[in-house]
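Taking it in order: structure first as C-alpha cells, then the write-up.
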Amino acid sequence: MTPPTIVHLDADAFFVSCEQARDPALRGTKCAVGGAERGIISSASYEARACGVYTPMPTRRALRVCPDLILVRHTAGLYGRVSRQMFDLCESLTPLVQRNSIDEGYLDLGPCGWRTAEEVAAAVRGLQARLWAQLQIPVSFGIARNKLVAQIASKLRKPRGFVVVLPGDETAFLAPLPLGKLPGVGAKTEAALAGHGLRLVRDLFGRPEAELAAILGPGWREMLAQARGEDDRPVATEEEDAKSYSQQETFGADIGDFAAIERVAKGMVDGLMVKVRADGKRVRTLTVKVRYPDFSQASQGRSLAAATDLEAPFYPLVPVLLRGAWRSRRPLRLVSLKLSGVEDDPAQLEIFAAAENKRRRLAGVLDRLNRAGGGPAVKHGHQLPEKRPAPPAPPGNLH
Ligand SMILES: [Mg+2]
C-alpha cells in the first residue's frame with residue numbers, strides 16, 4: 001500500500017510559543033500576545049484559552065474574562081525569524097515545503113521514498129521532536145493522502161497533535177466529525193446546517209442530492225467531495241511563493257460597495273507593478289483576499305498564461321477574483337492583493353510584440369514621472385475619483 005505522504009503542520013499558539021521560548025518563565029501561565037488597552041489578542045496560551053480567552057478578541061474583554069492574564073507585547077522580528085527556522089528544519093526532511101502562513105504549511109514526503117506509513121510517521125515524529133529541541137516550538141501534525149485531510153487531522157488534537165489517516169480511511173475518519181471541521185464551514189454555516197439536521201459530516205451522506213443542492217446551494221458537490229475527503233491539490237513549493245509582492249488596505253469603515261473595492265484593488269495592482277518593474281521581475285499569479293470584520297477571510301487566485309510586468313493583463317482578473325473571494329457580500333474590513341509566480345524578466349530571451357514594448361515604455365515613463373513627483377502624479381482611469389455616483393446595480397448582477 002502506498003503510504004500517506006502529505007503532511008500539514010500547524011504550530012500551537014505560535015506567537016505565544018515564540019515568547020515562551022524566549023522567556024521560559026511564561027510557560028504554563030495564562031498569557032497572551034496582544035496589543036494593550038485598545039488592542040486585540042493575536043495568540044493565547046492554552047491555559048489562557050481554558051479561561052475563555054480566544055483570538056481574535058479585544059484585549060479589554062480578555063482581561064475581563066481572565067483578570068490574571070499576562071499580556072505580552074509583540075516582539076518585532078521574532079515570529080518571522082522563528083518561522084524561517086521552523087520551515088528550514090522542514091526542508092531538511094523534504095524539498096517539497098509549502099509555507100501557507102507564518103506558522104502553517106504542507107510537506108510532501110513523496111520524494112523521501114518511505115515505503116510504509118510507519119516509516120513516514122517516524123520521520124515526522126523526528127521532525128516534531130527537532131522543532132521542540134531546537135526551537136522550543138510545539139507543532140501539531142496531520143499526515144494523510146491529501147492536503148484537505150492532512151489539514152483537518154493536524155487541527156484535531158492540538159496542542160502537539162499527531163494524527164495519521166491511512167489511505168482509504170478518509171471517509172471513515174471524517175464521517176463522525178462536526179461539519180465545522182471542513183474548511184469553509186464557519187460557525188454561521190454550521191449553525192444554518194444544524195437547522196436542517198446536518199451536524200456531522202456523515203449526515204450529508206444520507207440525504208438525496210436534490211435536498212443537498214437545495215440546502216447547500218451551488219457549492220453542494222464541492223462540499224460533498226470534501227466530506228468524502230477528496231482533494232487533488234499538489235503541495236506547491238516555495239520558489240514560487242518565497243518572493244511575492246503584496247499589499248493590503250484596511251478600510252476605516254466596513255465597505256460593501258463592489259465598484260469602490262474593485263477600484264481600490266486595481267490601484268493596488270498599479271502600486272505593486274511599479275515595484276515588480278523596479279526589481280526587473282515579472283509576475284504571473286494574482287491572488288485577492290478579503291477579510292470581514294469578524295476576521296474570517298477568503299481568497300481566490302488565478303494565473304496568467306505567461307508572466308508579465310504590466311498592469312493591464314491583471315485588470316480583468318480583479319473583478320473575477322473579487323467576486324470569487326467575496327461570496328457572502330457582507331461588508332469588508334480589508335482587501336489584500338498578492339502577485340506571485342515571480343520570474344526574472346526574460347527580456348533578452350524573448351522578442352516582444354511591438355505593441356507590448358510600447359506599453360512597457362509608457363509604463364516606465366509613468367513610473368519615472370510618479371517617482372519624480374514624489375507620488376502618483378499620473379493616474380490610471382480607476383485611480384481618478386468617481387465623477388458621479390454609479391447607477392444602482394440591479395440585484396444579483398455581481399455574481
Ligand atoms: Mg497555529
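Going by the C-alpha cells order, chains are called A, B, ..., each with residues numbered from 1, while ligands are numbered from 1 in the order shown.
Near ligand 1, at a distance of at most 7 Å and with only C-alpha atoms and all ligand atoms counted, sit the residues Asp10, Ala11, Asp12, Ala13, Phe14, Asp103 and Glu104 of chain A.
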Store the residues picked out above, limited to all heavy atoms, as a PDB file, in the first residue's frame.
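That gives us again_34.pdb:
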ATOM      1  N   ASP A  10       1.103  22.676  11.859  1.00  0.00           N
ATOM      2  CA  ASP A  10       0.473  23.877  12.386  1.00  0.00           C
ATOM      3  C   ASP A  10       1.037  24.102  13.794  1.00  0.00           C
ATOM      4  O   ASP A  10       0.778  23.319  14.701  1.00  0.00           O
ATOM      5  CB  ASP A  10      -1.053  23.659  12.413  1.00  0.00           C
ATOM      6  CG  ASP A  10      -1.797  24.882  12.919  1.00  0.00           C
ATOM      7  OD1 ASP A  10      -1.143  25.909  13.221  1.00  0.00           O
ATOM      8  OD2 ASP A  10      -3.033  24.807  13.025  1.00  0.00           O
ATOM      9  N   ALA A  11       1.843  25.152  13.944  1.00  0.00           N
ATOM     10  CA  ALA A  11       2.437  25.430  15.251  1.00  0.00           C
ATOM     11  C   ALA A  11       1.336  25.792  16.242  1.00  0.00           C
ATOM     12  O   ALA A  11       0.345  26.432  15.878  1.00  0.00           O
ATOM     13  CB  ALA A  11       3.446  26.566  15.137  1.00  0.00           C
ATOM     14  N   ASP A  12       1.508  25.375  17.483  1.00  0.00           N
ATOM     15  CA  ASP A  12       0.486  25.607  18.507  1.00  0.00           C
ATOM     16  C   ASP A  12       0.708  26.969  19.161  1.00  0.00           C
ATOM     17  O   ASP A  12       1.800  27.258  19.639  1.00  0.00           O
ATOM     18  CB  ASP A  12       0.569  24.505  19.568  1.00  0.00           C
ATOM     19  CG  ASP A  12       0.453  23.105  18.949  1.00  0.00           C
ATOM     20  OD1 ASP A  12      -0.375  22.949  18.030  1.00  0.00           O
ATOM     21  OD2 ASP A  12       1.197  22.199  19.370  1.00  0.00           O
ATOM     22  N   ALA A  13      -0.331  27.789  19.182  1.00  0.00           N
ATOM     23  CA  ALA A  13      -0.269  29.116  19.810  1.00  0.00           C
ATOM     24  C   ALA A  13       1.064  29.792  19.457  1.00  0.00           C
ATOM     25  O   ALA A  13       1.853  30.136  20.330  1.00  0.00           O
ATOM     26  CB  ALA A  13      -0.431  28.989  21.328  1.00  0.00           C
ATOM     27  N   PHE A  14       1.291  29.973  18.159  1.00  0.00           N
ATOM     28  CA  PHE A  14       2.640  30.260  17.671  1.00  0.00           C
ATOM     29  C   PHE A  14       3.313  31.480  18.325  1.00  0.00           C
ATOM     30  O   PHE A  14       4.427  31.381  18.828  1.00  0.00           O
ATOM     31  CB  PHE A  14       2.629  30.410  16.152  1.00  0.00           C
ATOM     32  CG  PHE A  14       3.991  30.657  15.567  1.00  0.00           C
ATOM     33  CD1 PHE A  14       5.009  29.721  15.733  1.00  0.00           C
ATOM     34  CD2 PHE A  14       4.263  31.823  14.874  1.00  0.00           C
ATOM     35  CE1 PHE A  14       6.276  29.938  15.204  1.00  0.00           C
ATOM     36  CE2 PHE A  14       5.528  32.053  14.333  1.00  0.00           C
ATOM     37  CZ  PHE A  14       6.528  31.106  14.505  1.00  0.00           C
ATOM     38  N   ASP A 103       2.864  30.251  10.452  1.00  0.00           N
ATOM     39  CA  ASP A 103       3.004  29.068  11.310  1.00  0.00           C
ATOM     40  C   ASP A 103       2.308  27.828  10.777  1.00  0.00           C
ATOM     41  O   ASP A 103       2.084  26.878  11.513  1.00  0.00           O
ATOM     42  CB  ASP A 103       2.496  29.383  12.719  1.00  0.00           C
ATOM     43  CG  ASP A 103       0.983  29.426  12.776  1.00  0.00           C
ATOM     44  OD1 ASP A 103       0.366  29.849  11.785  1.00  0.00           O
ATOM     45  OD2 ASP A 103       0.412  29.024  13.796  1.00  0.00           O
ATOM     46  N   GLU A 104       1.951  27.828   9.497  1.00  0.00           N
ATOM     47  CA  GLU A 104       1.266  26.669   8.917  1.00  0.00           C
ATOM     48  C   GLU A 104       1.820  26.342   7.557  1.00  0.00           C
ATOM     49  O   GLU A 104       2.154  27.249   6.798  1.00  0.00           O
ATOM     50  CB  GLU A 104      -0.221  26.990   8.718  1.00  0.00           C
ATOM     51  CG  GLU A 104      -1.095  26.613   9.868  1.00  0.00           C
ATOM     52  CD  GLU A 104      -2.555  26.803   9.522  1.00  0.00           C
ATOM     53  OE1 GLU A 104      -2.995  26.287   8.481  1.00  0.00           O
ATOM     54  OE2 GLU A 104      -3.256  27.465  10.301  1.00  0.00           O
TER      55      GLU A 104
END
Mind running region 208-327 of chain A against region 149-172 of chain A at 10 Å and telling me each contacting residue's nearest atom pair with the distance in Å (one decimal), counting only C-alpha atoms, chain and number ascending, as CSV?
residue,atom,partner,partner_atom,distance
A:Ala225,CA,A:Thr171,CA,10.0
A:Gln226,CA,A:Val149,CA,8.7
A:Ala227,CA,A:Thr171,CA,7.1
A:Arg228,CA,A:Thr171,CA,4.8
A:Gly229,CA,A:Glu170,CA,5.4
A:Glu230,CA,A:Val149,CA,8.2
A:Asp231,CA,A:Val149,CA,8.2
For the residues in the current selection, export C-alpha atoms as a PDB file, in the first residue's frame.
ATOM      1  CA  ALA A 225     -16.384  15.826  -2.260  1.00  0.00           C
ATOM      2  CA  GLN A 226     -14.752  17.434   0.783  1.00  0.00           C
ATOM      3  CA  ALA A 227     -16.890  15.320   3.092  1.00  0.00           C
ATOM      4  CA  ARG A 228     -15.547  12.229   1.328  1.00  0.00           C
ATOM      5  CA  GLY A 229     -12.008  13.530   1.800  1.00  0.00           C
ATOM      6  CA  GLU A 230     -11.366  14.097  -1.913  1.00  0.00           C
ATOM      7  CA  ASP A 231      -8.676  16.619  -2.825  1.00  0.00           C
TER       8      ASP A 231
END
Can you check which parts of region 2-75 of chain A lie within 8 Å of region 138-144 of chain A? Per residue, the shortest pair of atoms and distance in Å to one decimal, counting only C-alpha atoms, sorted by chain and number, as a Markdown table.
| residue | atom | partner | partner_atom | distance |
| --- | --- | --- | --- | --- |
| A:Pro4 | CA | A:Ala144 | CA | 4.8 |
| A:Thr5 | CA | A:Ala144 | CA | 6.3 |
| A:Ile6 | CA | A:Ala144 | CA | 5.4 |
| A:Val7 | CA | A:Ile143 | CA | 4.5 |
| A:His8 | CA | A:Gly142 | CA | 5.2 |
| A:Leu9 | CA | A:Phe141 | CA | 4.6 |
| A:Asp10 | CA | A:Ser140 | CA | 5.3 |
| A:Ala11 | CA | A:Val139 | CA | 4.0 |
| A:Asp12 | CA | A:Val139 | CA | 5.4 |
| A:Ser17 | CA | A:Pro138 | CA | 7.2 |
File of the preceding selection, C-alpha atoms, as a JSON list (two decimals), in the first residue's frame:
[["chain", "number", "residue", "atom", "x", "y", "z"],
["A", 4, "PRO", "CA", 0.32, 8.72, 3.08],
["A", 5, "THR", "CA", 2.91, 11.38, 2.26],
["A", 6, "ILE", "CA", 1.13, 14.71, 2.59],
["A", 7, "VAL", "CA", 1.79, 16.42, 5.90],
["A", 8, "HIS", "CA", 0.14, 19.50, 7.33],
["A", 9, "LEU", "CA", 1.95, 21.22, 10.17],
["A", 10, "ASP", "CA", 0.47, 23.88, 12.39],
["A", 11, "ALA", "CA", 2.44, 25.43, 15.25],
["A", 12, "ASP", "CA", 0.49, 25.61, 18.51],
["A", 17, "SER", "CA", 5.19, 29.78, 21.93]]
I want to know what sits within 12 Å of Leu179 (chain A), based on only C-alpha atoms, with residues of the same chain fewer than 2 positions away left out; could you give that as number ranges by chain? A: 152, 174-177, 181-194, 197-204, 223-224, 226-228
Determine, counting only C-alpha atoms, which protein, DNA and RNA residues have an atom within 6 Å of an atom of region 329-344 of chain A; residues of the same chain fewer than 4 positions away are not included. Present the result as a VMD selection string. chain A and resid 240 244 to 251 254 to 256 281 to 293
Please build the interface table for region 130-151 of chain A against region 86-96 of chain A with a cut-off of 10 Å, listing for each qualifying residue the nearest atom pair and the distance in Å to one decimal; count only C-alpha atoms, order rows by chain and increasing number, and write it as a Markdown table.
| residue | atom | partner | partner_atom | distance |
| --- | --- | --- | --- | --- |
| A:Arg130 | CA | A:Leu89 | CA | 7.9 |
| A:Leu131 | CA | A:Met86 | CA | 6.7 |
| A:Trp132 | CA | A:Met86 | CA | 9.8 |
| A:Gln134 | CA | A:Met86 | CA | 9.3 |
| A:Leu135 | CA | A:Met86 | CA | 7.6 |
| A:Ile137 | CA | A:Met86 | CA | 8.4 |
| A:Val139 | CA | A:Met86 | CA | 9.7 |
Please save all heavy atoms of the selected residues as an mmCIF file, in the first residue's frame.
data_model
loop_
_atom_site.group_PDB
_atom_site.id
_atom_site.type_symbol
_atom_site.label_atom_id
_atom_site.label_comp_id
_atom_site.auth_asym_id
_atom_site.auth_seq_id
_atom_site.Cartn_x
_atom_site.Cartn_y
_atom_site.Cartn_z
ATOM 1 N N ARG A 130 12.571 17.533 16.766
ATOM 2 C CA ARG A 130 13.637 18.522 16.482
ATOM 3 C C ARG A 130 13.117 19.944 16.633
ATOM 4 O O ARG A 130 13.817 20.829 17.117
ATOM 5 C CB ARG A 130 14.183 18.328 15.061
ATOM 6 C CG ARG A 130 15.202 17.198 14.949
ATOM 7 C CD ARG A 130 16.029 17.311 13.683
ATOM 8 N NE ARG A 130 15.245 17.176 12.464
ATOM 9 C CZ ARG A 130 14.758 16.011 12.011
ATOM 10 N NH1 ARG A 130 14.969 14.896 12.683
ATOM 11 N NH2 ARG A 130 14.060 15.968 10.905
ATOM 12 N N LEU A 131 11.880 20.188 16.190
ATOM 13 C CA LEU A 131 11.311 21.533 16.306
ATOM 14 C C LEU A 131 11.220 21.946 17.772
ATOM 15 O O LEU A 131 11.437 23.106 18.126
ATOM 16 C CB LEU A 131 9.929 21.590 15.648
ATOM 17 C CG LEU A 131 9.934 21.548 14.111
ATOM 18 C CD1 LEU A 131 8.555 21.175 13.576
ATOM 19 C CD2 LEU A 131 10.377 22.896 13.547
ATOM 20 N N TRP A 132 10.928 20.964 18.622
ATOM 21 C CA TRP A 132 10.848 21.272 20.049
ATOM 22 C C TRP A 132 12.254 21.433 20.643
ATOM 23 O O TRP A 132 12.536 22.403 21.347
ATOM 24 C CB TRP A 132 10.060 20.192 20.794
ATOM 25 C CG TRP A 132 10.031 20.474 22.266
ATOM 26 C CD1 TRP A 132 10.711 19.808 23.226
ATOM 27 C CD2 TRP A 132 9.341 21.555 22.912
ATOM 28 N NE1 TRP A 132 10.485 20.381 24.455
ATOM 29 C CE2 TRP A 132 9.650 21.470 24.288
ATOM 30 C CE3 TRP A 132 8.513 22.591 22.478
ATOM 31 C CZ2 TRP A 132 9.144 22.368 25.232
ATOM 32 C CZ3 TRP A 132 8.010 23.491 23.409
ATOM 33 C CH2 TRP A 132 8.332 23.368 24.774
ATOM 34 N N GLN A 134 15.152 22.149 19.207
ATOM 35 C CA GLN A 134 15.983 23.257 18.717
ATOM 36 C C GLN A 134 15.311 24.622 18.859
ATOM 37 O O GLN A 134 15.990 25.628 19.010
ATOM 38 C CB GLN A 134 16.377 23.012 17.258
ATOM 39 C CG GLN A 134 17.223 21.753 17.125
ATOM 40 C CD GLN A 134 17.732 21.555 15.708
ATOM 41 O OE1 GLN A 134 17.841 22.494 14.931
ATOM 42 N NE2 GLN A 134 18.049 20.316 15.360
ATOM 43 N N LEU A 135 13.989 24.660 18.748
ATOM 44 C CA LEU A 135 13.316 25.969 18.762
ATOM 45 C C LEU A 135 12.351 26.136 19.927
ATOM 46 O O LEU A 135 11.844 27.227 20.170
ATOM 47 C CB LEU A 135 12.542 26.170 17.445
ATOM 48 C CG LEU A 135 13.343 26.056 16.146
ATOM 49 C CD1 LEU A 135 12.419 26.131 14.946
ATOM 50 C CD2 LEU A 135 14.399 27.160 16.070
ATOM 51 N N ILE A 137 9.381 25.086 19.955
ATOM 52 C CA ILE A 137 8.069 25.398 19.389
ATOM 53 C C ILE A 137 7.266 24.101 19.278
ATOM 54 O O ILE A 137 7.669 23.171 18.582
ATOM 55 C CB ILE A 137 8.206 26.044 17.983
ATOM 56 C CG1 ILE A 137 8.958 27.373 18.065
ATOM 57 C CG2 ILE A 137 6.830 26.253 17.342
ATOM 58 C CD1 ILE A 137 8.274 28.452 18.876
ATOM 59 N N VAL A 139 4.469 21.853 17.791
ATOM 60 C CA VAL A 139 3.814 21.860 16.479
ATOM 61 C C VAL A 139 2.931 20.623 16.349
ATOM 62 O O VAL A 139 3.334 19.536 16.765
ATOM 63 C CB VAL A 139 4.867 21.855 15.339
ATOM 64 C CG1 VAL A 139 4.198 21.900 13.975
ATOM 65 C CG2 VAL A 139 5.834 23.040 15.480
#
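All residues within region 41-142 of chain A that the backbone DSSP calculation assigns to strand (DSSP E) are Ile41, Ser42, Ser43, Ala44, Met57, Pro58, Ile70, Leu71, Val72, Val97, Gln98, Arg99, Asn100, Ser101, Glu104, Gly105, Tyr106, Leu107, Asp108, Val139, Ser140, Phe141 and Gly142 of chain A.
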Among region 94-297 of chain A, which residues does DSSP mark as helix (DSSP H, G or I) when it is run on the backbone? Keep the chain and numbering as in the structure and answer as number ranges by chain. A: 110-112, 117-135, 147-154, 170-174, 179-181, 187-195, 201-204, 209-227, 238-242, 258-278
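Between CA of Asp309 (chain A) and CA of Ala265 (chain A) lies a distance of 16.9 Å.
Excluding Glu118 (chain A) itself and any same-chain residue fewer than 3 positions from it, the protein and nucleic acid residues within 10 Å of it, counting only C-alpha atoms, are A:Pro3, A:Pro4, A:Trp114, A:Arg115, A:Ala121, A:Ala122, A:Ala123, A:Val124, A:Val164.
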Next, dump the selected residues to file, keeping only C-alpha atoms, as a compact mmCIF listing (two decimals), in the first residue's frame.
# COMPACT_ATOMS: atom_id res chain seq x y z
CA PRO A 3 1.96 5.35 2.38
CA PRO A 4 0.32 8.72 3.08
CA TRP A 114 9.47 5.86 2.56
CA ARG A 115 7.64 2.64 1.87
CA ALA A 121 5.17 8.67 10.79
CA ALA A 122 8.59 8.03 12.35
CA ALA A 123 10.21 10.66 10.12
CA VAL A 124 7.55 13.24 11.01
CA VAL A 164 -2.19 9.79 10.73
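Closest approach to Pro234 (chain A) from the set A:Arg145, A:Arg22, A:Arg38, A:Arg125 is made by A:Arg145, with distances taken over only C-alpha atoms.
Comparing A:Gly77, A:Gly35, A:Glu209, A:Leu362 by their smallest distance to Arg221 (chain A), the closest is A:Glu209 (using only C-alpha atoms).
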For Phe258 (chain A), work out the shell of residues within 10 Å, counting only C-alpha atoms and skipping chain neighbours fewer than 5 positions away, then give it as a PyMOL selection string. chain A and resi 263-264+319+322-323+326+329+331-332+393+398
Just-selected residues, C-alpha atoms written as a PDB file, in the first residue's frame:
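See selection.pdb below for the written result:
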ATOM      1  CA  ARG A 263     -11.143  50.447  -7.794  1.00  0.00           C
ATOM      2  CA  VAL A 264      -9.008  50.129  -4.673  1.00  0.00           C
ATOM      3  CA  PRO A 319     -13.408  41.728 -10.566  1.00  0.00           C
ATOM      4  CA  LEU A 322     -13.037  39.627  -6.075  1.00  0.00           C
ATOM      5  CA  ARG A 323     -16.401  38.043  -6.913  1.00  0.00           C
ATOM      6  CA  TRP A 326     -16.241  37.794  -1.702  1.00  0.00           C
ATOM      7  CA  ARG A 329     -21.155  40.130   0.130  1.00  0.00           C
ATOM      8  CA  PRO A 331     -19.236  44.473   4.156  1.00  0.00           C
ATOM      9  CA  LEU A 332     -15.462  44.084   4.221  1.00  0.00           C
ATOM     10  CA  ALA A 393     -26.850  47.933  -9.634  1.00  0.00           C
ATOM     11  CA  LEU A 398     -22.344  40.823  -9.352  1.00  0.00           C
TER      12      LEU A 398
END
